[in-house]
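Below is coords27.txt, which holds compact mmCIF, C-alpha atoms.
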# COMPACT_ATOMS: atom_id res chain seq x y z
CA MET A 1 0.00 0.00 0.00
CA SER A 2 1.73 3.08 -1.24
CA GLU A 3 1.20 6.68 -0.34
CA LEU A 4 0.26 9.13 -3.04
CA ILE A 5 1.58 12.65 -2.74
CA GLU A 6 0.48 15.55 -4.92
CA ASP A 7 0.26 19.31 -4.76
CA VAL A 8 -2.90 21.36 -5.26
CA ILE A 9 -3.48 25.10 -5.32
CA VAL A 10 -6.35 27.00 -3.72
CA ILE A 11 -7.86 29.16 -6.46
CA ASN A 12 -11.01 30.62 -4.97
CA THR A 13 -10.91 34.17 -3.62
CA LEU A 14 -11.89 33.36 -0.05
CA GLY A 15 -9.57 30.38 0.42
CA ILE A 16 -10.67 27.42 2.48
CA HIS A 17 -13.48 28.67 4.70
CA ALA A 18 -16.42 26.82 6.22
CA ARG A 19 -18.32 25.87 3.08
CA PRO A 20 -15.33 24.54 1.10
CA ALA A 21 -14.11 22.71 4.20
CA ALA A 22 -17.48 21.00 4.59
CA LEU A 23 -17.59 20.21 0.87
CA LEU A 24 -14.15 18.63 0.92
CA ALA A 25 -14.64 16.73 4.17
CA GLN A 26 -18.00 15.38 3.10
CA SER A 27 -17.03 14.33 -0.37
CA ILE A 28 -14.12 12.21 0.83
CA ALA A 29 -15.70 10.94 4.03
CA HIS A 30 -16.78 7.68 2.42
CA PHE A 31 -13.27 6.76 1.18
CA GLN A 32 -11.37 4.22 3.24
CA SER A 33 -8.09 6.03 2.62
CA GLU A 34 -6.43 8.39 5.02
CA VAL A 35 -6.24 11.81 3.39
CA TYR A 36 -4.02 14.51 4.86
CA LEU A 37 -3.35 18.06 3.77
CA ILE A 38 0.03 19.59 4.55
CA PHE A 39 0.35 23.34 4.45
CA ASP A 40 2.58 25.80 6.21
CA GLY A 41 4.11 23.15 8.43
CA ASN A 42 0.74 21.80 9.55
CA ARG A 43 -0.68 18.41 8.71
CA VAL A 44 -4.41 17.98 9.08
CA ASN A 45 -6.87 15.22 8.33
CA ALA A 46 -8.93 16.25 5.30
CA LYS A 47 -12.01 14.56 6.75
CA SER A 48 -12.06 16.96 9.67
CA ILE A 49 -13.80 20.27 9.03
CA MET A 50 -12.23 22.00 12.00
CA GLY A 51 -8.81 20.77 10.91
CA LEU A 52 -9.29 22.21 7.43
CA LEU A 53 -10.31 25.56 8.92
CA THR A 54 -7.16 25.77 11.04
CA LEU A 55 -4.99 25.49 7.93
CA GLY A 56 -5.64 29.11 7.05
CA ALA A 57 -5.23 28.29 3.37
CA ALA A 58 -5.82 31.53 1.49
CA ARG A 59 -6.05 31.96 -2.25
CA GLY A 60 -2.83 30.97 -3.96
CA SER A 61 -1.79 28.53 -1.23
CA ARG A 62 0.03 25.46 -2.43
CA ILE A 63 -1.13 22.49 -0.40
CA THR A 64 0.42 19.03 -0.37
CA VAL A 65 -2.12 16.20 -0.35
CA THR A 66 -1.22 12.74 0.83
CA CYS A 67 -3.50 9.76 0.35
CA SER A 68 -2.85 6.27 1.64
CA GLY A 69 -5.19 3.32 1.58
CA ASP A 70 -6.97 0.94 -0.75
CA ASP A 71 -8.83 3.65 -2.66
CA ALA A 72 -6.09 6.26 -2.46
CA GLU A 73 -6.20 6.94 -6.19
CA GLU A 74 -9.93 7.71 -6.27
CA ALA A 75 -9.62 9.82 -3.15
CA MET A 76 -6.73 11.77 -4.64
CA ALA A 77 -8.66 12.32 -7.88
CA ARG A 78 -11.61 13.58 -5.88
CA VAL A 79 -9.52 15.99 -3.85
CA LYS A 80 -7.84 17.36 -6.98
CA ASP A 81 -11.21 17.76 -8.68
CA ILE A 82 -12.55 19.78 -5.79
CA PHE A 83 -9.51 22.03 -5.62
CA GLU A 84 -9.51 22.53 -9.38
CA SER A 85 -13.18 23.50 -9.37
CA GLY A 86 -12.36 26.19 -6.82
CA PHE A 87 -14.97 24.65 -4.49
CA ASN A 88 -17.60 25.83 -7.00
CA GLU A 89 -16.90 29.36 -5.88
CA ILE A 90 -15.63 32.52 -7.52
CA LYS A 91 -12.06 31.93 -8.62
CA GLY A 92 -9.19 34.20 -7.74
CA TYR A 93 -8.60 35.73 -11.16
CA GLU A 94 -11.72 37.18 -12.62
CA MET B 95 -39.28 11.40 7.29
CA ASN B 96 -42.25 12.25 5.20
CA PHE B 97 -44.39 14.80 6.93
CA ASP B 98 -46.91 15.05 4.13
CA LYS B 99 -48.28 11.67 5.05
CA ILE B 100 -49.34 12.78 8.50
CA LEU B 101 -53.03 12.28 8.81
CA GLU B 102 -54.61 15.60 9.53
CA ASN B 103 -57.68 15.74 11.72
CA ARG B 104 -59.76 18.82 11.52
CA LYS B 105 -63.17 18.98 13.12
CA PRO B 106 -65.73 20.10 10.58
CA PHE B 107 -67.92 21.49 13.35
CA ILE B 108 -68.47 21.38 17.08
CA PRO B 109 -71.88 21.19 18.76
CA VAL B 110 -72.97 24.17 20.84
CA SER B 111 -73.09 21.85 23.86
CA ARG B 112 -69.28 21.75 23.74
CA LEU B 113 -69.31 25.38 24.90
CA LEU B 114 -71.23 24.35 27.99
CA GLU B 115 -68.75 21.71 29.04
CA ARG B 116 -66.77 22.36 32.18
CA ASN B 117 -63.41 22.85 30.55
CA ALA B 118 -64.71 25.40 28.06
CA ASN B 119 -62.02 27.93 28.92
CA ASP B 120 -63.67 29.17 32.16
CA MET B 121 -66.32 31.00 30.23
CA ASP B 122 -68.98 29.85 32.67
CA PHE B 123 -71.94 29.68 30.30
CA LYS B 124 -75.54 29.33 31.42
CA LEU B 125 -78.24 28.27 29.02
CA LEU B 126 -81.09 30.80 28.90
CA ALA B 127 -83.23 29.54 26.06
CA GLY B 128 -83.37 27.29 23.04
CA PHE B 129 -82.56 24.03 24.77
CA GLN B 130 -83.73 21.98 21.77
CA GLY B 131 -80.95 23.48 19.66
CA ILE B 132 -78.14 22.47 21.98
CA ASP B 133 -76.63 20.19 19.33
CA ARG B 134 -76.60 22.81 16.60
CA PRO B 135 -73.23 22.81 14.83
CA VAL B 136 -70.75 25.68 14.97
CA TYR B 137 -68.73 25.62 11.74
CA THR B 138 -66.30 28.45 12.24
CA TRP B 139 -64.14 29.95 14.97
CA ASP B 140 -65.08 33.51 14.11
CA ILE B 141 -67.70 35.59 15.91
CA ASN B 142 -70.20 38.23 14.84
CA ARG B 143 -71.87 41.14 16.58
CA PRO B 144 -75.36 41.15 15.04
CA GLY B 145 -76.11 44.81 15.70
CA LEU B 146 -76.85 45.66 12.10
CA ALA B 147 -78.91 42.52 11.65
CA LEU B 148 -81.06 43.56 14.63
CA SER B 149 -81.59 46.94 13.04
CA GLY B 150 -82.99 45.18 10.02
CA TYR B 151 -80.04 45.17 7.62
CA LEU B 152 -79.51 41.55 6.67
CA ASP B 153 -77.32 41.73 3.56
CA TYR B 154 -73.96 40.07 4.22
CA PHE B 155 -75.23 38.87 7.60
CA ALA B 156 -72.51 36.48 8.90
CA ASN B 157 -75.15 34.11 10.19
CA ASP B 158 -72.90 31.03 10.39
CA ARG B 159 -70.80 32.51 13.18
CA VAL B 160 -71.34 32.58 16.92
CA GLN B 161 -73.43 35.70 17.57
CA ILE B 162 -72.25 37.81 20.50
CA LEU B 163 -74.74 40.17 22.09
CA GLY B 164 -73.18 42.83 24.29
CA ASN B 165 -74.44 45.99 25.97
CA THR B 166 -74.98 47.72 22.63
CA GLU B 167 -77.24 45.07 21.16
CA ILE B 168 -79.24 44.44 24.32
CA HIS B 169 -79.90 48.14 24.99
CA TYR B 170 -80.74 48.70 21.35
CA MET B 171 -83.34 45.93 21.58
CA GLU B 172 -84.89 47.65 24.61
CA ARG B 173 -85.49 50.75 22.52
CA VAL B 174 -87.22 48.96 19.68
CA ASP B 175 -90.96 48.46 19.78
CA PRO B 176 -91.60 44.78 20.78
CA ALA B 177 -93.76 44.02 17.74
CA GLU B 178 -91.14 45.49 15.42
CA LEU B 179 -88.39 43.64 17.31
CA ALA B 180 -90.25 40.33 16.95
CA ASN B 181 -90.51 40.98 13.25
CA ARG B 182 -86.77 41.67 12.91
CA VAL B 183 -85.76 38.69 15.03
CA VAL B 184 -87.91 36.42 12.88
CA ASN B 185 -86.19 37.78 9.80
CA MET B 186 -82.83 37.11 11.44
CA LEU B 187 -83.75 33.61 12.50
CA ALA B 188 -84.65 32.76 8.93
CA PHE B 189 -80.88 32.37 8.60
CA GLU B 190 -79.10 29.40 10.13
CA ILE B 191 -77.64 30.76 13.35
CA PRO B 192 -75.65 28.42 15.60
CA VAL B 193 -75.94 30.23 18.93
CA PHE B 194 -76.44 33.59 20.62
CA ILE B 195 -74.11 34.45 23.46
CA LEU B 196 -74.74 37.26 25.94
CA SER B 197 -71.99 38.89 27.95
CA ARG B 198 -72.02 40.67 31.33
CA ASN B 199 -74.94 38.54 32.57
CA LEU B 200 -77.25 40.66 30.45
CA LEU B 201 -80.90 39.82 30.09
CA PRO B 202 -82.47 40.34 26.67
CA GLN B 203 -86.07 41.32 25.95
CA PRO B 204 -88.50 38.46 26.76
CA ILE B 205 -89.71 38.52 23.18
CA PHE B 206 -86.19 37.71 21.97
CA LEU B 207 -85.95 34.68 24.28
CA ASP B 208 -89.44 33.53 23.21
CA MET B 209 -88.42 33.66 19.58
CA CYS B 210 -85.22 31.72 20.24
CA ASN B 211 -87.15 29.12 22.17
CA ARG B 212 -89.63 28.78 19.33
CA TYR B 213 -86.90 28.44 16.68
CA GLY B 214 -84.63 26.33 18.86
CA ILE B 215 -81.63 28.64 18.79
CA PRO B 216 -79.64 28.26 22.01
CA VAL B 217 -79.00 31.45 23.99
CA LEU B 218 -76.04 31.31 26.38
CA ARG B 219 -75.00 33.85 28.97
CA SER B 220 -71.67 34.54 30.59
CA SER B 221 -70.61 36.89 33.38
CA LEU B 222 -67.52 38.01 31.46
CA THR B 223 -67.26 41.41 29.83
CA THR B 224 -67.78 41.43 26.08
CA ASP B 225 -64.14 41.90 25.10
CA GLU B 226 -62.97 39.18 27.50
CA LEU B 227 -65.66 36.88 26.24
CA ILE B 228 -64.81 37.51 22.59
CA SER B 229 -61.10 36.82 23.04
CA LYS B 230 -61.79 33.72 25.12
CA ILE B 231 -64.34 32.30 22.75
CA ILE B 232 -62.17 32.90 19.69
CA LEU B 233 -59.24 31.22 21.45
CA PHE B 234 -61.40 28.30 22.50
CA LEU B 235 -62.93 27.79 19.06
CA ALA B 236 -59.59 28.23 17.28
CA GLU B 237 -58.19 25.50 19.50
CA GLU B 238 -61.18 23.28 18.82
CA PHE B 239 -60.85 23.75 15.07
CA ALA B 240 -57.03 23.58 14.96
CA PRO B 241 -55.68 20.84 12.70
CA SER B 242 -54.31 18.06 14.84
CA SER B 243 -52.81 14.63 14.50
CA THR B 244 -51.11 11.86 16.39
CA ILE B 245 -47.61 10.93 15.33
CA HIS B 246 -45.02 8.36 16.25
CA ALA B 247 -42.39 10.43 18.06
CA THR B 248 -41.15 11.50 21.46
CA ALA B 249 -41.45 15.01 22.82
CA VAL B 250 -39.13 16.38 25.48
CA ASP B 251 -38.75 19.88 26.87
CA VAL B 252 -34.99 20.48 26.84
CA TYR B 253 -33.88 23.73 28.49
CA GLY B 254 -37.22 25.22 27.53
CA VAL B 255 -36.99 24.20 23.89
CA GLY B 256 -39.66 21.72 22.88
CA CYS B 257 -37.86 18.96 21.00
CA LEU B 258 -39.80 16.49 18.92
CA ILE B 259 -37.61 13.42 18.48
CA MET B 260 -38.52 11.35 15.46
CA GLY B 261 -37.05 8.32 13.76
CA LYS B 262 -37.68 4.70 12.92
CA ALA B 263 -38.89 2.25 15.54
CA GLY B 264 -36.03 0.93 17.65
CA ILE B 265 -33.55 3.69 16.80
CA GLY B 266 -33.51 4.86 20.40
CA LYS B 267 -36.03 7.66 20.77
CA SER B 268 -37.32 6.44 24.11
CA GLU B 269 -33.85 5.71 25.45
CA SER B 270 -32.66 9.18 24.48
CA ALA B 271 -35.71 10.69 26.13
CA LEU B 272 -35.08 8.63 29.24
CA GLU B 273 -31.54 9.89 29.46
CA LEU B 274 -32.70 13.46 28.89
CA VAL B 275 -35.18 13.10 31.75
CA GLU B 276 -32.41 11.68 33.90
CA ARG B 277 -30.41 14.78 33.11
CA GLY B 278 -33.21 16.94 34.44
CA HIS B 279 -35.32 17.64 31.37
CA ARG B 280 -39.03 17.05 31.05
CA LEU B 281 -40.90 14.46 29.08
CA VAL B 282 -44.07 15.57 27.34
CA ALA B 283 -45.02 12.34 25.62
CA ASP B 284 -43.39 9.18 24.40
CA ASP B 285 -44.22 7.06 21.37
CA MET B 286 -47.62 8.56 20.61
CA VAL B 287 -47.64 12.33 20.56
CA GLN B 288 -50.68 14.45 19.92
CA ILE B 289 -49.73 17.44 17.85
CA GLN B 290 -51.83 20.46 17.12
CA ARG B 291 -51.22 23.53 15.04
CA ARG B 292 -51.83 26.87 16.72
CA GLY B 293 -51.19 29.79 14.47
CA ASN B 294 -47.77 29.20 13.06
CA SER B 295 -46.51 26.81 15.68
CA ILE B 296 -47.00 23.20 16.64
CA HIS B 297 -47.97 22.21 20.14
CA VAL B 298 -47.58 18.73 21.56
CA LYS B 299 -49.87 17.26 24.14
CA THR B 300 -49.60 14.21 26.32
CA HIS B 301 -51.97 11.48 25.23
CA HIS B 302 -54.79 11.34 27.74
CA VAL B 303 -54.52 7.55 28.13
CA THR B 304 -50.84 6.72 27.82
CA LYS B 305 -49.83 9.86 29.79
CA HIS B 306 -46.15 9.74 30.77
CA ASN B 307 -45.75 6.02 30.48
CA MET B 308 -42.84 4.76 28.48
CA GLU B 309 -41.92 1.41 27.08
CA ILE B 310 -38.26 0.56 27.49
CA ARG B 311 -37.09 -2.63 25.79
CA GLY B 312 -35.97 -5.09 28.40
CA VAL B 313 -37.68 -3.34 31.28
CA GLY B 314 -41.26 -2.92 30.19
CA VAL B 315 -43.66 -0.10 30.83
CA ILE B 316 -42.54 2.54 33.30
CA ASP B 317 -44.31 5.66 34.52
CA LEU B 318 -41.88 8.53 34.58
CA ARG B 319 -44.09 10.63 36.81
CA TYR B 320 -43.60 8.17 39.65
CA ILE B 321 -40.01 7.21 38.92
CA PHE B 322 -38.59 10.72 38.48
CA GLY B 323 -41.33 12.79 40.07
CA VAL B 324 -43.73 15.43 38.75
CA GLY B 325 -40.83 17.76 38.03
CA SER B 326 -39.75 15.53 35.19
CA VAL B 327 -42.93 15.60 33.14
CA ARG B 328 -45.20 18.14 31.58
CA ASP B 329 -48.41 17.91 29.60
CA PHE B 330 -48.05 20.55 26.98
CA LYS B 331 -45.28 22.26 25.05
CA ARG B 332 -44.69 24.32 21.93
CA ILE B 333 -42.28 22.62 19.57
CA GLY B 334 -39.14 24.58 18.75
CA LEU B 335 -37.07 21.91 17.05
CA ILE B 336 -37.71 18.65 15.26
CA ILE B 337 -34.85 16.19 15.62
CA GLU B 338 -34.78 13.15 13.43
CA LEU B 339 -32.53 10.28 14.45
CA VAL B 340 -31.21 8.46 11.38
CA GLU B 341 -29.00 5.46 11.08
CA ALA B 342 -25.43 6.46 10.30
CA ASP B 343 -24.73 5.79 6.65
CA PRO B 344 -21.51 6.91 4.95
CA GLU B 345 -23.49 7.77 1.81
CA LEU B 346 -25.84 10.01 3.73
CA GLN B 347 -25.24 13.70 3.14
CA PHE B 348 -26.11 16.04 5.93
CA ASP B 349 -25.17 19.53 7.00
CA ARG B 350 -21.95 19.22 8.95
CA LEU B 351 -21.57 22.91 9.64
CA GLY B 352 -25.05 23.80 10.80
CA MET B 353 -24.88 27.00 8.77
CA SER B 354 -28.16 26.37 7.04
CA MET B 355 -31.33 25.91 9.03
CA PRO B 356 -33.63 23.50 7.26
CA PHE B 357 -37.31 23.52 8.03
CA VAL B 358 -40.02 20.93 7.69
CA GLU B 359 -43.66 21.64 7.21
CA ILE B 360 -45.86 19.80 9.61
CA LEU B 361 -49.62 20.42 9.63
CA GLY B 362 -48.85 23.57 7.65
CA ALA B 363 -46.42 25.10 10.18
CA ARG B 364 -42.71 25.50 9.44
CA ILE B 365 -40.52 24.04 12.17
CA PRO B 366 -36.68 23.96 12.27
CA TYR B 367 -35.36 20.50 11.63
CA LEU B 368 -32.16 18.65 12.48
CA ASN B 369 -30.87 15.32 11.27
CA ILE B 370 -28.73 13.42 13.76
CA PRO B 371 -26.93 10.26 12.61
CA VAL B 372 -26.95 7.55 15.25
CA ARG B 373 -23.94 5.35 15.72
CA PRO B 374 -23.09 2.95 18.54
CA GLY B 375 -21.28 4.84 21.26
CA ARG B 376 -22.74 8.18 20.33
CA ASN B 377 -24.50 9.80 23.25
CA ILE B 378 -27.66 11.05 21.61
CA ALA B 379 -29.07 12.70 24.74
CA ILE B 380 -26.12 15.04 25.07
CA ILE B 381 -26.26 15.83 21.37
CA ILE B 382 -29.95 16.69 21.64
CA GLU B 383 -29.21 18.82 24.69
CA VAL B 384 -26.53 20.72 22.82
CA ALA B 385 -28.73 21.03 19.73
CA ALA B 386 -31.44 22.63 21.87
CA LEU B 387 -28.97 25.02 23.46
CA ASN B 388 -27.45 25.90 20.11
CA TRP B 389 -30.92 26.54 18.74
CA ARG B 390 -31.64 28.91 21.62
CA LEU B 391 -28.34 30.64 20.97
CA LYS B 392 -29.20 31.02 17.29
CA GLU B 393 -32.59 32.46 18.18
CA MET B 394 -30.76 35.02 20.29
CA GLY B 395 -28.70 35.92 17.24
CA VAL B 396 -25.45 34.07 17.94
CA ASP B 397 -24.62 31.69 15.11
CA SER B 398 -21.36 29.99 16.01
CA ALA B 399 -20.80 28.45 12.57
CA LYS B 400 -21.27 31.79 10.87
CA ILE B 401 -18.97 33.62 13.25
CA LEU B 402 -16.23 31.02 12.79
CA ASP B 403 -16.66 31.17 9.03
CA GLU B 404 -16.34 34.95 9.04
CA ALA B 405 -13.16 34.74 11.09
CA VAL B 406 -11.67 32.16 8.71
CA ARG B 407 -12.61 34.21 5.65
CA ALA B 408 -11.11 37.36 7.09
CA ASN B 409 -7.93 35.48 7.95
CA ASN B 410 -7.74 33.98 4.47
CA LEU B 411 -8.26 37.33 2.78
CA ARG B 412 -5.48 38.86 4.81
CA ARG B 413 -3.09 36.14 3.74
CA ASN B 414 -4.19 36.24 0.11
CA ARG B 415 -1.42 35.94 -2.43
CA PRO B 416 -1.51 37.95 -5.66
CA PRO B 417 -3.99 36.53 -8.16
CA LEU B 418 -2.69 33.62 -10.11
CA LYS B 419 -1.96 33.99 -13.79
CA PRO B 420 -4.60 32.02 -15.69
CA GLU B 421 -2.97 29.28 -17.70
CA LYS B 422 -5.70 29.09 -20.31
CA LYS B 423 -7.99 31.88 -21.45
CA LYS B 424 -11.11 29.69 -21.51
CA ASP B 425 -10.84 29.11 -17.77
CA LEU B 426 -11.89 32.70 -17.23
CA TRP B 427 -15.34 33.43 -15.98
Final structure tokens representation of the file:
Amino acid sequence: MSELIEDVIVINTLGIHARPAALLAQSIAHFQSEVYLIFDGNRVNAKSIMGLLTLGAARGSRITVTCSGDDAEEAMARVKDIFESGFNEIKGYE
Amino acid sequence: MNFDKILENRKPFIPVSRLLERNANDMDFKLLAGFQGIDRPVYTWDINRPGLALSGYLDYFANDRVQILGNTEIHYMERVDPAELANRVVNMLAFEIPVFILSRNLLPQPIFLDMCNRYGIPVLRSSLTTDELISKIILFLAEEFAPSSTIHATAVDVYGVGCLIMGKAGIGKSESALELVERGHRLVADDMVQIQRRGNSIHVKTHHVTKHNMEIRGVGVIDLRYIFGVGSVRDFKRIGLIIELVEADPELQFDRLGMSMPFVEILGARIPYLNIPVRPGRNIAIIIEVAALNWRLKEMGVDSAKILDEAVRANNLRRNRPPLKPEKKKDLW
């Protein structure tokens, strides 16, 4: 069981606030894999809303995502999708 | 939970005799005349002052309502010539009138009572003043005509917030309620709850037979009033929050932030609604307690989720990096 590591960038204007945190946590909650986000020297579980909020990930932040587990690939794809969609919010460069 | 399927009871009418029953809101009615008509139906909760009808103007006469006769009407009748009055009353009684009610222990003209006796229209009298009587009778009739139902749920008063706990059989409604009572809250009803809409809110009532009895699997039927004392039960409560216990399911999507406040419509009233997933080891009673407190806090204007979100947004905006260069033009929007 290998660990996947990839980088994502926060592109929405408001960064990771409550709604994006809930969106991310909820959409990966059903994966078996452990998903962690590493940013600014902090490592938080991506399934924890409060953890995501403490990251303080503003627009333009580069976040390292690690996934380990049986469905790590799907989980990673999901996380990247969500970051790339800018959490369905207004993106940083209008 | 599908609240549309709740069977709605609404009385089409109540007999006038209902007003004479002992619990009729302390209105203390005496029957003066028209005993034969005691079972006449009252179809609406509204009242009418038939002053204009007594003066002979019968267009738009709201004859189907309870007719209240106060000082004005009675003293007007005294001024009218008895033969003329008889004539007008007969014209009035050609309409279907459920009941006449007199306030202030007034006594109408004998001719009026004779007519009512002949036509079988009950005449009631109360010692209350007219305005008191009107507000009491409207309240009483509105309550009688309020849509009501009996549902499978448990109602507990938690810190003054009426919580209606719903969920499938065996999910732990009664056990949660038991624990809430143990923690000092009050049970309104378990298993079968009578609900009634009053204005824009739902009230729950203890069932008059099952009272505060509870069935706990493995123990049997227990009466909370005797086990925990009268301080742990109450008969009546307005519902502030509907809490549905659902089995924990990873696929189930629910609001994890509590930033939105969903409502459900029950008997036509909109009530705030929470979904609580149940998992072994989760203490539902404490969660319900906190949900009730959080709801009170929100009603007072403190929304913790919103405040936290604002703080996070402000923090993020402060740390914002310069806008990224778009890689592809078509990504712009």
Show me which bits of chain A are within 6 Å of chain B, counting all atoms listed in the file, as a PyMOL selection string.
chain A and resi 14-15+17-18+30+56+58-60+92-93
Any chance you could export the current selection's C-alpha atoms as a JSON list (two decimals), keeping the file's coordinate frame?
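Final file, result.json:
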[["chain", "number", "residue", "atom", "x", "y", "z"],
["A", 14, "LEU", "CA", -11.89, 33.36, -0.05],
["A", 15, "GLY", "CA", -9.57, 30.38, 0.42],
["A", 17, "HIS", "CA", -13.48, 28.67, 4.70],
["A", 18, "ALA", "CA", -16.42, 26.82, 6.22],
["A", 30, "HIS", "CA", -16.78, 7.68, 2.42],
["A", 56, "GLY", "CA", -5.64, 29.11, 7.05],
["A", 58, "ALA", "CA", -5.82, 31.53, 1.49],
["A", 59, "ARG", "CA", -6.05, 31.96, -2.25],
["A", 60, "GLY", "CA", -2.83, 30.97, -3.96],
["A", 92, "GLY", "CA", -9.19, 34.20, -7.74],
["A", 93, "TYR", "CA", -8.60, 35.73, -11.16]]
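Shortest atom-to-atom contact with Glu226 of chain B among B:Arg280, B:Ile162, B:Leu187, B:His306: B:Ile162, counting all atoms listed in the file.
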re atom CA of Ile205 of chain B and atom CA of Ile231 of chain B: distance 26.1 Å
List the neighbours of Val287 of chain B out to 10 Å using only C-alpha atoms; skip same-chain residues closer than 3 positions along the sequence, and give me the result as a list in words.
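My list of contacting residues is Ser243, Thr244, Ile245, His246, Ala247, Thr248, Ala249, Leu258, Val282, Ala283, Asp284, Gln290, His297, Val298, Lys299, Thr300, His301, Thr304 and Lys305 of chain B.
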Box for segment 212-218 of chain B - axis-aligned, 3 Å on each of the six sides, all listed atoms - centre and size in Å to one decimal, as JSON.
{"center_x": -82.8, "center_y": 28.9, "center_z": 21.5, "size_x": 19.6, "size_y": 11.1, "size_z": 15.7}
With only C-alpha atoms as the atoms that count, which of B:Leu148, B:Val358, B:Ile191, B:Leu281 lies nearest to Phe330 of chain B?
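Of B:Leu148, B:Val358, B:Ile191, B:Leu281, the one nearest Phe330 of chain B is B:Leu281, counting only C-alpha atoms.
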Name the residues in contact with Gly51 of chain A at a cut-off of 12 Å, using all atoms listed in the file, excluding same-chain residues fewer than 5 positions from it; report them as an MDAnalysis selection string.
(chainID A and resid 16:18 21:22 24:25 35:39 42:46 56:57) or (chainID B and resid 406)
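Take atom CA of Gly266 of chain B and atom CA of Ser48 of chain A: the distance between them is 26.9 Å.
Put simply, atom CA of Tyr151 of chain B is 23.7 Å away from atom CA of Leu218 of chain B.
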Please identify all polymer residues lying at most 6 Å from the point (-33.5, 22.2, 22.1) (file coordinates), using all atoms listed in the file, and present the result as a ChimeraX atom specification.
/B:252,255,257,385-387
Could you please take those selected residues and save C-alpha atoms as a tab-separated table (two decimals), in the coordinates of the input?
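Just written: result_0.tsv:
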chain	number	residue	atom	x	y	z
B	252	VAL	CA	-34.99	20.48	26.84
B	255	VAL	CA	-36.99	24.20	23.89
B	257	CYS	CA	-37.86	18.96	21.00
B	385	ALA	CA	-28.73	21.03	19.73
B	386	ALA	CA	-31.44	22.63	21.87
B	387	LEU	CA	-28.97	25.02	23.46
At a cut-off of 9 Å, using only C-alpha atoms, what residues contact segment 65-67 of chain A? Leave out same-chain residues fewer than 4 positions from it and give the result as a PyMOL selection string.
chain A and resi 2-8+33-39+46+71-73+75-76+79-80
Just C-alpha atoms for this one: save the residues we selected as a PDB file, in the frame of the given file.
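Written out: part_14.pdb:
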ATOM      1  CA  SER A   2       1.730   3.080  -1.240  1.00  0.00           C
ATOM      2  CA  GLU A   3       1.200   6.680  -0.340  1.00  0.00           C
ATOM      3  CA  LEU A   4       0.260   9.130  -3.040  1.00  0.00           C
ATOM      4  CA  ILE A   5       1.580  12.650  -2.740  1.00  0.00           C
ATOM      5  CA  GLU A   6       0.480  15.550  -4.920  1.00  0.00           C
ATOM      6  CA  ASP A   7       0.260  19.310  -4.760  1.00  0.00           C
ATOM      7  CA  VAL A   8      -2.900  21.360  -5.260  1.00  0.00           C
ATOM      8  CA  SER A  33      -8.090   6.030   2.620  1.00  0.00           C
ATOM      9  CA  GLU A  34      -6.430   8.390   5.020  1.00  0.00           C
ATOM     10  CA  VAL A  35      -6.240  11.810   3.390  1.00  0.00           C
ATOM     11  CA  TYR A  36      -4.020  14.510   4.860  1.00  0.00           C
ATOM     12  CA  LEU A  37      -3.350  18.060   3.770  1.00  0.00           C
ATOM     13  CA  ILE A  38       0.030  19.590   4.550  1.00  0.00           C
ATOM     14  CA  PHE A  39       0.350  23.340   4.450  1.00  0.00           C
ATOM     15  CA  ALA A  46      -8.930  16.250   5.300  1.00  0.00           C
ATOM     16  CA  ASP A  71      -8.830   3.650  -2.660  1.00  0.00           C
ATOM     17  CA  ALA A  72      -6.090   6.260  -2.460  1.00  0.00           C
ATOM     18  CA  GLU A  73      -6.200   6.940  -6.190  1.00  0.00           C
ATOM     19  CA  ALA A  75      -9.620   9.820  -3.150  1.00  0.00           C
ATOM     20  CA  MET A  76      -6.730  11.770  -4.640  1.00  0.00           C
ATOM     21  CA  VAL A  79      -9.520  15.990  -3.850  1.00  0.00           C
ATOM     22  CA  LYS A  80      -7.840  17.360  -6.980  1.00  0.00           C
TER      23      LYS A  80
END
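Proximity ranking of A:Asp70, A:Asp40, A:Ala77, A:Ser27 relative to Leu55 of chain A places A:Asp40 first, based on only C-alpha atoms.
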